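One file, final19.pdb, is given below (PDB, C-alpha atoms).
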```pdb
ATOM      1  CA  THR A   2      20.029   3.415   0.564
ATOM      2  CA  LYS A   3      20.446   4.222  -3.118
ATOM      3  CA  GLU A   4      22.607   1.127  -3.518
ATOM      4  CA  GLU A   5      19.942  -1.102  -1.944
ATOM      5  CA  VAL A   6      17.244   0.313  -4.219
ATOM      6  CA  GLY A   7      19.472  -0.243  -7.242
ATOM      7  CA  TYR A   8      20.077  -3.852  -6.206
ATOM      8  CA  LEU A   9      16.361  -4.506  -5.824
ATOM      9  CA  MET A  10      15.583  -2.967  -9.206
ATOM     10  CA  ASN A  11      18.186  -5.173 -10.866
ATOM     11  CA  LEU A  12      16.778  -8.188  -9.041
ATOM     12  CA  LEU A  13      13.336  -7.315 -10.381
ATOM     13  CA  ARG A  14      14.709  -7.200 -13.919
ATOM     14  CA  GLU A  15      16.238 -10.646 -13.458
ATOM     15  CA  VAL A  16      13.334 -12.506 -11.853
ATOM     16  CA  MET A  17      10.220 -10.979 -13.392
ATOM     17  CA  GLY A  18      10.205 -13.340 -16.381
ATOM     18  CA  ARG A  19      10.170 -16.354 -14.092
ATOM     19  CA  THR A  20       7.610 -14.701 -11.816
ATOM     20  CA  VAL A  21       5.206 -14.149 -14.734
ATOM     21  CA  LYS A  22       5.637 -17.768 -15.843
ATOM     22  CA  GLU A  23       4.827 -19.052 -12.336
ATOM     23  CA  ALA A  24       1.888 -16.654 -12.043
ATOM     24  CA  LEU A  25       0.374 -17.971 -15.280
ATOM     25  CA  GLU A  26       0.879 -21.583 -14.155
ATOM     26  CA  ASN A  27      -0.991 -20.806 -10.915
ATOM     27  CA  ASP A  28      -3.738 -18.650 -12.458
ATOM     28  CA  THR A  29      -2.440 -15.618 -10.518
ATOM     29  CA  ARG A  30      -2.889 -12.040 -11.604
ATOM     30  CA  LEU A  31       0.014  -9.641 -10.954
ATOM     31  CA  ILE A  32      -0.618  -6.001 -10.118
ATOM     32  CA  PHE A  33       1.862  -3.325  -9.067
ATOM     33  CA  LEU A  34       1.133  -0.607  -6.507
ATOM     34  CA  GLY A  35       3.175   2.588  -6.318
ATOM     35  CA  GLU A  36       4.376   5.743  -8.020
ATOM     36  CA  ARG A  37       5.132   4.456 -11.480
ATOM     37  CA  GLU A  38       6.461   7.782 -12.698
ATOM     38  CA  ARG A  39       9.425   7.313 -10.351
ATOM     39  CA  LEU A  40      10.498   4.053 -12.038
ATOM     40  CA  ALA A  41      13.043   3.612 -14.801
ATOM     41  CA  PRO A  42      11.469   3.192 -18.290
ATOM     42  CA  ASP A  43      12.633  -0.418 -18.652
ATOM     43  CA  ILE A  44      11.225  -1.327 -15.210
ATOM     44  CA  LEU A  45       7.928   0.285 -16.171
ATOM     45  CA  ARG A  46       7.815  -1.810 -19.348
ATOM     46  CA  VAL A  47       8.519  -4.968 -17.353
ATOM     47  CA  ILE A  48       5.688  -4.422 -14.867
ATOM     48  CA  GLU A  49       3.200  -3.336 -17.534
ATOM     49  CA  ASP A  50       4.044  -6.460 -19.533
ATOM     50  CA  ALA A  51       3.540  -8.621 -16.414
ATOM     51  CA  GLU A  52       0.153  -7.046 -15.712
ATOM     52  CA  GLN A  53      -0.917  -7.445 -19.339
ATOM     53  CA  LYS A  54       0.070 -11.110 -19.556
ATOM     54  CA  THR A  55      -1.676 -12.059 -16.284
ATOM     55  CA  ARG A  56      -4.739  -9.812 -16.494
ATOM     56  CA  ASP A  57      -7.149 -12.710 -17.175
ATOM     57  CA  CYS A  58      -5.910 -14.873 -14.279
ATOM     58  CA  ALA A  59      -8.622 -15.228 -11.664
ATOM     59  CA  LEU A  60      -7.672 -17.670  -8.904
ATOM     60  CA  PHE A  61      -5.288 -15.374  -7.008
ATOM     61  CA  THR A  62      -4.156 -11.756  -7.153
ATOM     62  CA  PHE A  63      -0.576 -10.946  -6.152
ATOM     63  CA  GLY A  64      -0.009  -7.256  -5.415
ATOM     64  CA  ILE A  65       3.587  -5.992  -5.450
ATOM     65  CA  ALA A  66       4.267  -2.642  -3.738
ATOM     66  CA  LEU A  67       6.998  -0.934  -5.738
ATOM     67  CA  SER A  68       8.012   2.676  -5.082
ATOM     68  CA  TYR A  69       5.044   2.696  -2.721
ATOM     69  CA  GLY A  70       4.198   5.176   0.034
ATOM     70  CA  GLY A  71       0.842   5.291   1.802
ATOM     71  CA  ARG A  72       0.757   9.077   2.086
ATOM     72  CA  ALA A  73       1.605   9.457  -1.585
ATOM     73  CA  GLU A  74      -1.222   7.071  -2.451
ATOM     74  CA  ILE A  75      -3.762   9.115  -0.488
ATOM     75  CA  ILE A  76      -2.519  12.393  -1.983
ATOM     76  CA  ASP A  77      -2.760  10.870  -5.465
ATOM     77  CA  ALA A  78      -6.335   9.810  -4.752
ATOM     78  CA  ILE A  79      -7.230  13.305  -3.520
ATOM     79  CA  HIS A  80      -5.976  14.759  -6.806
ATOM     80  CA  ARG A  81      -8.391  12.523  -8.689
ATOM     81  CA  VAL A  82     -11.528  13.196  -6.647
ATOM     82  CA  PRO A  83     -14.058  14.812  -9.018
ATOM     83  CA  LYS A  84     -14.668  18.435  -8.078
ATOM     84  CA  GLU A  85     -18.383  17.869  -7.671
ATOM     85  CA  LYS A  86     -17.747  15.007  -5.193
ATOM     86  CA  PHE A  87     -15.444  16.777  -2.743
ATOM     87  CA  GLU A  88     -18.169  17.498  -0.206
ATOM     88  CA  THR A  89     -20.027  14.199  -0.503
ATOM     89  CA  ILE A  90     -17.503  11.480  -1.346
ATOM     90  CA  THR A  91     -17.894   8.284   0.675
ATOM     91  CA  GLU A  92     -15.288   5.846   1.981
ATOM     92  CA  GLU A  93     -16.237   3.332  -0.694
ATOM     93  CA  GLU A  94     -15.915   5.904  -3.471
ATOM     94  CA  PHE A  95     -12.561   7.144  -2.147
ATOM     95  CA  SER A  96     -11.263   3.569  -1.914
ATOM     96  CA  LYS A  97     -11.907   3.144  -5.638
ATOM     97  CA  LEU A  98      -9.417   5.951  -6.340
ATOM     98  CA  LEU A  99      -6.571   4.214  -4.503
ATOM     99  CA  TRP A 100      -3.893   2.084  -6.168
ATOM    100  CA  THR A 101      -5.411  -0.962  -4.426
ATOM    101  CA  LYS A 102      -8.873  -0.429  -5.923
ATOM    102  CA  GLU A 103      -8.860  -3.870  -7.545
ATOM    103  CA  ILE A 104      -8.020  -5.854  -4.405
ATOM    104  CA  PRO A 105      -9.730  -6.117  -0.985
ATOM    105  CA  ASP A 106      -8.315  -4.589   2.175
ATOM    106  CA  PRO A 107      -5.847  -6.940   3.898
ATOM    107  CA  ASP A 108      -7.090  -9.109   6.756
ATOM    108  CA  LEU A 109      -3.548  -9.721   7.994
ATOM    109  CA  ILE A 110      -0.282  -7.779   7.762
ATOM    110  CA  ILE A 111       3.033  -9.337   8.802
ATOM    111  CA  ARG A 112       5.997  -7.023   9.467
ATOM    112  CA  THR A 113       9.366  -8.745   9.477
ATOM    113  CA  SER A 114      12.856  -7.665  10.651
ATOM    114  CA  GLY A 115      11.892  -6.638  14.183
ATOM    115  CA  GLU A 116      10.373  -3.275  13.253
ATOM    116  CA  GLN A 117       7.322  -2.362  15.339
ATOM    117  CA  ARG A 118       5.601  -0.179  12.752
ATOM    118  CA  ILE A 119       4.043  -0.479   9.316
ATOM    119  CA  SER A 120       6.095   2.379   7.825
ATOM    120  CA  GLY A 121       3.365   3.920   5.703
ATOM    121  CA  PHE A 122       2.178   0.612   4.255
ATOM    122  CA  LEU A 123      -1.502   0.772   3.292
ATOM    123  CA  PRO A 124      -2.574   3.303   5.969
ATOM    124  CA  TRP A 125      -6.101   3.600   4.564
ATOM    125  CA  GLN A 126      -6.600  -0.086   3.837
ATOM    126  CA  SER A 127      -5.100  -1.469   7.069
ATOM    127  CA  VAL A 128      -7.424   0.174   9.604
ATOM    128  CA  TYR A 129      -9.112  -3.183  10.349
ATOM    129  CA  SER A 130      -6.151  -5.456   9.585
ATOM    130  CA  GLU A 131      -4.632  -7.741  12.201
ATOM    131  CA  LEU A 132      -0.944  -6.928  12.664
ATOM    132  CA  PHE A 133       1.863  -9.361  13.426
ATOM    133  CA  PHE A 134       5.503  -8.441  14.051
ATOM    134  CA  THR A 135       8.434 -10.840  13.904
ATOM    135  CA  ASP A 136      12.174 -10.451  14.398
ATOM    136  CA  THR A 137      12.796 -12.767  11.451
ATOM    137  CA  LEU A 138      14.327 -11.092   8.411
ATOM    138  CA  TRP A 139      12.235 -11.447   5.259
ATOM    139  CA  PRO A 140      14.681 -13.758   3.398
ATOM    140  CA  ALA A 141      14.649 -16.119   6.403
ATOM    141  CA  PHE A 142      10.859 -16.136   6.857
ATOM    142  CA  THR A 143       9.681 -19.752   6.675
ATOM    143  CA  ARG A 144       6.481 -21.590   5.868
ATOM    144  CA  GLU A 145       6.468 -22.885   9.443
ATOM    145  CA  GLU A 146       6.511 -19.381  10.914
ATOM    146  CA  PHE A 147       3.804 -18.304   8.491
ATOM    147  CA  ASP A 148       1.635 -21.247   9.523
ATOM    148  CA  GLY A 149       2.158 -20.305  13.174
ATOM    149  CA  ILE A 150       1.011 -16.754  12.507
ATOM    150  CA  LEU A 151      -2.074 -18.060  10.709
ATOM    151  CA  GLU A 152      -2.894 -20.217  13.734
ATOM    152  CA  GLU A 153      -2.599 -17.193  16.022
ATOM    153  CA  TYR A 154      -4.663 -15.096  13.610
ATOM    154  CA  ALA A 155      -7.463 -17.682  13.754
ATOM    155  CA  LYS A 156      -7.664 -17.175  17.535
ATOM    156  CA  ARG A 157      -8.131 -13.423  17.368
ATOM    157  CA  GLN A 158     -11.558 -11.874  17.674
ATOM    158  CA  ARG A 159     -11.936  -9.276  14.962
ATOM    159  CA  ARG A 160     -14.146  -6.233  15.402
ATOM    160  CA  PHE A 161     -15.195  -3.633  12.881
ATOM    161  CA  GLY A 162     -16.821  -0.231  12.909
ATOM    162  CA  VAL A 163     -17.059   1.957  15.991
ATOM    163  CA  GLU A 164     -14.850  -0.301  18.127
ATOM    164  CA  TYR A 165     -11.937   0.385  15.791
ATOM    165  CA  ARG A 166     -11.268   4.012  16.581
ATOM    166  CA  VAL A 167      -8.254   6.079  17.372
ATOM    167  CA  ARG A 168      -8.162   8.792  19.990
ATOM    168  CA  ALA A 169      -6.842  12.089  18.656
ATOM    169  CA  ALA A 170      -5.330  14.463  21.204
ATOM    170  CA  GLY A 171      -8.082  16.658  22.592
ATOM    171  CA  LEU A 172     -10.643  15.430  20.057
ATOM    172  CA  GLY A 173     -12.022  12.301  21.703
ATOM    173  CA  ALA A 174     -12.727   9.189  19.653
ATOM    174  CA  VAL A 175     -12.284   9.776  15.942
ATOM    175  CA  ASP A 176     -12.955   7.313  13.137
ATOM    176  CA  TYR A 177      -9.715   7.208  11.120
ATOM    177  CA  ARG A 178     -11.195   6.993   7.645
ATOM    178  CA  ALA A 179     -13.863   9.585   8.409
ATOM    179  CA  ALA A 180     -11.137  11.894   9.689
ATOM    180  CA  LEU A 181      -9.153  11.435   6.475
ATOM    181  CA  LEU A 182     -12.180  12.304   4.377
ATOM    182  CA  LYS A 183     -12.726  15.422   6.463
ATOM    183  CA  VAL A 184      -9.109  16.422   5.894
ATOM    184  CA  THR A 185      -9.638  15.866   2.159
ATOM    185  CA  HIS A 186     -12.503  18.367   2.199
ATOM    186  CA  GLN A 187     -10.441  20.874   4.190
ATOM    187  CA  VAL A 188      -7.503  20.529   1.813
ATOM    188  CA  ALA A 189      -9.815  21.235  -1.092
ATOM    189  CA  ASP A 190     -10.916  24.485   0.531
ATOM    190  CA  MET A 191      -7.366  25.526   1.407
ATOM    191  CA  PHE A 192      -5.657  24.724  -1.872
ATOM    192  CA  GLY A 193      -8.427  25.102  -4.398
ATOM    193  CA  ARG A 194      -8.751  21.347  -4.920
ATOM    194  CA  ARG A 195      -5.185  20.767  -6.153
ATOM    195  CA  VAL A 196      -2.811  19.493  -3.461
ATOM    196  CA  ASP A 197       0.850  20.069  -4.196
ATOM    197  CA  LEU A 198       2.317  18.201  -1.225
ATOM    198  CA  GLN A 199       5.144  15.894  -2.283
ATOM    199  CA  PRO A 200       5.591  13.476   0.650
ATOM    200  CA  HIS A 201       9.056  12.209  -0.324
ATOM    201  CA  ASP A 202      10.409  15.715  -0.913
ATOM    202  CA  ARG A 203       9.065  16.977   2.405
ATOM    203  CA  LEU A 204      10.641  14.011   4.175
ATOM    204  CA  GLN A 205      13.941  14.643   2.431
ATOM    205  CA  GLU A 206      14.011  18.209   3.756
ATOM    206  CA  HIS A 207      13.866  16.938   7.340
ATOM    207  CA  ARG A 208      16.079  13.879   6.841
ATOM    208  CA  PRO A 209      18.734  14.826   4.251
ATOM    209  CA  GLY A 210      20.468  11.484   4.502
ATOM    210  CA  LEU A 211      17.389   9.499   3.536
ATOM    211  CA  ALA A 212      17.428   8.074   0.028
ATOM    212  CA  LYS A 213      14.310   9.096  -1.861
ATOM    213  CA  GLY A 214      13.964   5.810  -3.734
ATOM    214  CA  ARG A 215      11.490   3.400  -2.155
ATOM    215  CA  VAL A 216      10.535  -0.168  -2.691
TER     216      VAL A 216
END
```
Output the structure of this file as C-alpha coordinates.
Amino acid sequence: TKEEVGYLMNLLREVMGRTVKEALENDTRLIFLGERERLAPDILRVIEDAEQKTRDCALFTFGIALSYGGRAEIIDAIHRVPKEKFETITEEEFSKLLWTKEIPDPDLIIRTSGEQRISGFLPWQSVYSELFFTDTLWPAFTREEFDGILEEYAKRQRRFGVEYRVRAAGLGAVDYRAALLKVTHQVADMFGRRVDLQPHDRLQEHRPGLAKGRV
(Lines of atoms letter the chains of each structure in order from A and count residues from 1; the text may use other names and numbers.)
(Lines give C-alpha, C1' and ligand atoms only; values in the text may rest on other atoms or scores of the structure.)
Protein backbone atom coordinates (compact mmCIF):
# COMPACT_ATOMS: atom_id res chain seq x y z
CA THR A 1 0.00 0.00 0.00
CA LYS A 2 0.96 3.66 -0.24
CA GLU A 3 1.28 3.79 3.54
CA GLU A 4 3.64 0.79 3.58
CA VAL A 5 5.83 2.33 0.89
CA GLY A 6 5.94 5.60 2.81
CA TYR A 7 6.98 3.77 5.98
CA LEU A 8 9.78 1.96 4.18
CA MET A 9 11.06 5.17 2.61
CA ASN A 10 11.17 6.85 6.02
CA LEU A 11 12.94 3.81 7.44
CA LEU A 12 15.53 4.10 4.68
CA ARG A 13 16.12 7.74 5.57
CA GLU A 14 16.67 6.79 9.20
CA VAL A 15 18.99 3.79 8.80
CA MET A 16 21.08 4.58 5.73
CA GLY A 17 23.73 6.49 7.68
CA ARG A 18 24.32 3.51 9.94
CA THR A 19 24.20 1.13 6.98
CA VAL A 20 26.95 3.07 5.16
CA LYS A 21 29.09 3.08 8.31
CA GLU A 22 28.75 -0.71 8.69
CA ALA A 23 29.40 -1.22 4.97
CA LEU A 24 32.67 0.73 5.19
CA GLU A 25 33.73 -1.22 8.29
CA ASN A 26 33.15 -4.49 6.41
CA ASP A 27 34.65 -3.39 3.07
CA THR A 28 31.21 -3.73 1.42
CA ARG A 29 30.10 -1.81 -1.62
CA LEU A 30 26.46 -0.65 -1.73
CA ILE A 31 24.57 -0.48 -5.01
CA PHE A 32 20.90 0.27 -5.61
CA LEU A 33 18.78 -1.41 -8.28
CA GLY A 34 15.53 0.11 -9.53
CA GLU A 35 13.77 3.01 -11.20
CA ARG A 36 15.51 5.94 -9.60
CA GLU A 37 13.35 8.50 -11.34
CA ARG A 38 10.42 7.29 -9.22
CA LEU A 39 12.19 8.14 -5.94
CA ALA A 40 11.90 11.32 -3.91
CA PRO A 41 14.84 13.75 -4.43
CA ASP A 42 16.12 13.34 -0.87
CA ILE A 43 16.02 9.53 -1.15
CA LEU A 44 17.93 9.76 -4.42
CA ARG A 45 20.59 11.89 -2.73
CA VAL A 46 20.88 9.38 0.11
CA ILE A 47 21.44 6.38 -2.16
CA GLU A 48 23.85 8.23 -4.46
CA ASP A 49 25.84 9.32 -1.41
CA ALA A 50 25.93 5.71 -0.14
CA GLU A 51 27.16 4.43 -3.50
CA GLN A 52 29.79 7.16 -3.72
CA LYS A 53 31.16 6.55 -0.22
CA THR A 54 31.41 2.76 -0.68
CA ARG A 55 32.46 2.60 -4.33
CA ASP A 56 36.04 1.48 -3.53
CA CYS A 57 34.99 -1.34 -1.17
CA ALA A 58 35.90 -4.69 -2.67
CA LEU A 59 35.27 -7.58 -0.27
CA PHE A 60 31.48 -7.74 -0.66
CA THR A 61 28.80 -6.10 -2.79
CA PHE A 62 25.38 -5.52 -1.25
CA GLY A 63 22.65 -4.83 -3.82
CA ILE A 64 19.45 -3.18 -2.58
CA ALA A 65 16.38 -3.43 -4.85
CA LEU A 66 14.45 -0.20 -4.43
CA SER A 67 11.49 0.69 -6.65
CA TYR A 68 12.50 -2.41 -8.59
CA GLY A 69 10.50 -4.37 -11.16
CA GLY A 70 12.00 -7.05 -13.40
CA ARG A 71 9.90 -6.16 -16.43
CA ALA A 72 10.78 -2.49 -16.07
CA GLU A 73 14.46 -3.43 -15.92
CA ILE A 74 14.26 -5.40 -19.16
CA ILE A 75 12.30 -2.63 -20.91
CA ASP A 76 14.89 -0.10 -19.74
CA ALA A 77 17.66 -2.28 -21.14
CA ILE A 78 15.85 -2.59 -24.49
CA HIS A 79 15.69 1.21 -24.73
CA ARG A 80 19.47 1.36 -24.40
CA VAL A 81 20.39 -1.31 -26.95
CA PRO A 82 22.40 0.43 -29.69
CA LYS A 83 20.45 0.52 -32.95
CA GLU A 84 23.20 -1.28 -34.82
CA LYS A 85 23.15 -4.16 -32.27
CA PHE A 86 19.44 -5.00 -32.32
CA GLU A 87 19.82 -7.95 -34.67
CA THR A 88 23.04 -9.35 -33.22
CA ILE A 89 23.10 -8.58 -29.50
CA THR A 90 24.17 -11.50 -27.31
CA GLU A 91 23.03 -12.53 -23.83
CA GLU A 92 26.28 -11.26 -22.34
CA GLU A 93 25.95 -7.89 -24.06
CA PHE A 94 22.30 -7.54 -23.00
CA SER A 95 23.20 -8.41 -19.40
CA LYS A 96 25.59 -5.46 -19.33
CA LEU A 97 22.64 -3.11 -19.97
CA LEU A 98 20.72 -4.31 -16.91
CA TRP A 99 20.73 -2.59 -13.52
CA THR A 100 22.64 -5.59 -12.14
CA LYS A 101 25.49 -5.28 -14.64
CA GLU A 102 28.08 -4.90 -11.87
CA ILE A 103 27.11 -8.02 -9.91
CA PRO A 104 26.89 -11.72 -10.89
CA ASP A 105 23.61 -13.57 -11.33
CA PRO A 106 22.34 -14.99 -8.02
CA ASP A 107 23.07 -18.62 -7.20
CA LEU A 108 20.32 -18.70 -4.57
CA ILE A 109 17.08 -16.78 -4.06
CA ILE A 110 15.09 -17.06 -0.83
CA ARG A 111 11.44 -15.92 -0.83
CA THR A 112 9.98 -15.32 2.61
CA SER A 113 6.39 -14.84 3.88
CA GLY A 114 4.90 -17.98 2.34
CA GLU A 115 4.59 -16.63 -1.20
CA GLN A 116 5.30 -19.23 -3.88
CA ARG A 117 6.54 -16.85 -6.56
CA ILE A 118 9.38 -14.42 -7.17
CA SER A 119 7.08 -11.51 -8.08
CA GLY A 120 9.16 -10.08 -10.90
CA PHE A 121 12.44 -10.23 -8.99
CA LEU A 122 15.40 -10.57 -11.36
CA PRO A 123 13.57 -12.53 -14.11
CA TRP A 124 16.55 -12.39 -16.47
CA GLN A 125 19.22 -13.06 -13.86
CA SER A 126 17.41 -15.85 -11.97
CA VAL A 127 17.01 -18.38 -14.79
CA TYR A 128 19.67 -20.66 -13.23
CA SER A 129 19.14 -19.68 -9.58
CA GLU A 130 18.09 -22.19 -6.95
CA LEU A 131 14.83 -21.09 -5.32
CA PHE A 132 13.80 -21.57 -1.70
CA PHE A 133 10.45 -20.60 -0.19
CA THR A 134 9.73 -20.21 3.51
CA ASP A 135 6.65 -19.26 5.50
CA THR A 136 8.81 -17.15 7.81
CA LEU A 137 8.22 -13.41 7.56
CA TRP A 138 11.34 -11.44 6.66
CA PRO A 139 11.70 -9.67 10.05
CA ALA A 140 11.61 -13.08 11.78
CA PHE A 141 14.10 -14.78 9.43
CA THR A 142 16.95 -16.14 11.54
CA ARG A 143 20.58 -17.09 11.03
CA GLU A 144 19.64 -20.67 11.90
CA GLU A 145 17.05 -20.87 9.13
CA PHE A 146 19.50 -19.30 6.70
CA ASP A 147 22.14 -21.87 7.62
CA GLY A 148 19.59 -24.64 7.07
CA ILE A 149 18.80 -23.34 3.60
CA LEU A 150 22.51 -23.20 2.78
CA GLU A 151 22.86 -26.83 3.86
CA GLU A 152 19.97 -27.82 1.58
CA TYR A 153 21.42 -25.73 -1.25
CA ALA A 154 24.72 -27.62 -0.96
CA LYS A 155 22.85 -30.89 -1.62
CA ARG A 156 21.25 -29.73 -4.85
CA GLN A 157 22.70 -30.69 -8.20
CA ARG A 158 22.82 -27.60 -10.37
CA ARG A 159 22.54 -27.80 -14.14
CA PHE A 160 23.05 -25.12 -16.74
CA GLY A 161 22.36 -24.64 -20.41
CA VAL A 162 19.94 -26.77 -22.39
CA GLU A 163 18.61 -28.62 -19.33
CA TYR A 164 17.25 -25.34 -17.98
CA ARG A 165 14.47 -24.69 -20.44
CA VAL A 166 10.86 -23.72 -20.22
CA ARG A 167 8.14 -25.17 -22.39
CA ALA A 168 6.04 -22.51 -24.11
CA ALA A 169 2.53 -23.52 -25.13
CA GLY A 170 2.66 -25.01 -28.61
CA LEU A 171 6.30 -24.01 -29.13
CA GLY A 172 8.20 -26.92 -27.59
CA ALA A 173 11.31 -26.30 -25.51
CA VAL A 174 12.38 -22.68 -25.56
CA ASP A 175 15.47 -21.18 -23.94
CA TYR A 176 14.16 -18.32 -21.78
CA ARG A 177 16.92 -15.81 -22.40
CA ALA A 178 17.06 -16.59 -26.11
CA ALA A 179 13.31 -16.08 -26.28
CA LEU A 180 13.63 -12.69 -24.58
CA LEU A 181 16.26 -11.59 -27.06
CA LYS A 182 14.02 -12.66 -29.92
CA VAL A 183 11.18 -10.61 -28.44
CA THR A 184 13.57 -7.65 -28.19
CA HIS A 185 14.24 -7.89 -31.93
CA GLN A 186 10.52 -8.17 -32.70
CA VAL A 187 9.72 -5.17 -30.52
CA ALA A 188 12.31 -3.16 -32.40
CA ASP A 189 10.60 -3.97 -35.69
CA MET A 190 7.12 -3.21 -34.34
CA PHE A 191 7.85 0.03 -32.53
CA GLY A 192 10.77 1.45 -34.45
CA ARG A 193 13.25 0.63 -31.68
CA ARG A 194 11.61 2.76 -28.98
CA VAL A 195 9.38 0.79 -26.61
CA ASP A 196 6.81 2.86 -24.76
CA LEU A 197 5.41 0.15 -22.50
CA GLN A 198 5.14 1.33 -18.90
CA PRO A 199 4.77 -1.87 -16.83
CA HIS A 200 3.45 -0.22 -13.66
CA ASP A 201 0.88 1.85 -15.55
CA ARG A 202 -0.37 -1.16 -17.49
CA LEU A 203 -0.71 -3.11 -14.26
CA GLN A 204 -2.58 -0.24 -12.65
CA GLU A 205 -5.15 -0.29 -15.45
CA HIS A 206 -6.01 -3.91 -14.67
CA ARG A 207 -5.71 -3.67 -10.88
CA PRO A 208 -6.90 -0.17 -9.89
CA GLY A 209 -6.45 -0.84 -6.20
CA LEU A 210 -2.76 -1.65 -6.52
CA ALA A 211 -0.41 1.04 -5.24
CA LYS A 212 2.11 1.97 -7.91
CA GLY A 213 4.98 2.49 -5.48
CA ARG A 214 7.30 -0.50 -5.18
CA VAL A 215 10.14 -1.46 -2.95
Practice task
Please write the residues picked by the PyMOL selection byres ((chain A and resi 133-139) around 12) on this file as a VMD selection string.
Solution key: chain A and resid 108 to 119 130 to 132 140 to 144 146 to 147 149 to 154 157
Fill in the blank from the handout: A straight line from CA of Leu45 in chain A to CA of Trp100 in chain A spans 15.6 Å
Exercise for the section: Using all atoms listed in the file, determine which residues lie at most 10 Å from Phe61 in chain A, disregarding the query and same-chain residues fewer than 5 positions distant; provide the list as a PyMOL selection string. Expected result: chain A and resi 24+27-31
Practice task
Could you please determine the separation between CA of Val6 in chain A and CA of Ile79 in chain A in Å, to one decimal place?
Solution key: 27.7 Å
Edge lengths and centre in Å, axis-aligned, range 16-28 of chain A plus 4 Å each side, as lines of an AutoDock Vina configuration file:
```
center_x = 4.8
center_y = -16.3
center_z = -13.6
size_x = 25.1
size_y = 18.6
size_z = 13.5
```
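Of note, CA of Ser96 in chain A and CA of Ala51 in chain A are spaced 24.0 Å apart.
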Handout entry: the PyMOL selection byres ((chain A and resi 95) around 12) resolved against shown file, as a ChimeraX atom specification
Key = /A:74-83,86-94,96-102,125-126,178-179,181-183,185
When you look at Ile32 in chain A with a cut-off of 10 Å (counting only C-alpha atoms), what residues show up, excluding the ones that are within fewer than 4 positions of it in the same chain? I need them as a PDB file with C-alpha atoms, keeping the file's coordinate frame.
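Output below, filename out_38.pdb:
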```
ATOM      1  CA  ILE A  48       5.688  -4.422 -14.867  1.00  0.00           C
ATOM      2  CA  GLU A  49       3.200  -3.336 -17.534  1.00  0.00           C
ATOM      3  CA  ALA A  51       3.540  -8.621 -16.414  1.00  0.00           C
ATOM      4  CA  GLU A  52       0.153  -7.046 -15.712  1.00  0.00           C
ATOM      5  CA  GLN A  53      -0.917  -7.445 -19.339  1.00  0.00           C
ATOM      6  CA  THR A  55      -1.676 -12.059 -16.284  1.00  0.00           C
ATOM      7  CA  ARG A  56      -4.739  -9.812 -16.494  1.00  0.00           C
ATOM      8  CA  THR A  62      -4.156 -11.756  -7.153  1.00  0.00           C
ATOM      9  CA  PHE A  63      -0.576 -10.946  -6.152  1.00  0.00           C
ATOM     10  CA  GLY A  64      -0.009  -7.256  -5.415  1.00  0.00           C
ATOM     11  CA  ILE A  65       3.587  -5.992  -5.450  1.00  0.00           C
ATOM     12  CA  ALA A  66       4.267  -2.642  -3.738  1.00  0.00           C
ATOM     13  CA  TRP A 100      -3.893   2.084  -6.168  1.00  0.00           C
ATOM     14  CA  THR A 101      -5.411  -0.962  -4.426  1.00  0.00           C
ATOM     15  CA  GLU A 103      -8.860  -3.870  -7.545  1.00  0.00           C
ATOM     16  CA  ILE A 104      -8.020  -5.854  -4.405  1.00  0.00           C
TER      17      ILE A 104
END
```
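Ranking A:Asp106, A:Ala73, A:Tyr8, A:Arg160 by their shortest atom-to-atom distance to Arg37 in chain A, with all atoms listed in the file included, puts A:Ala73 first.
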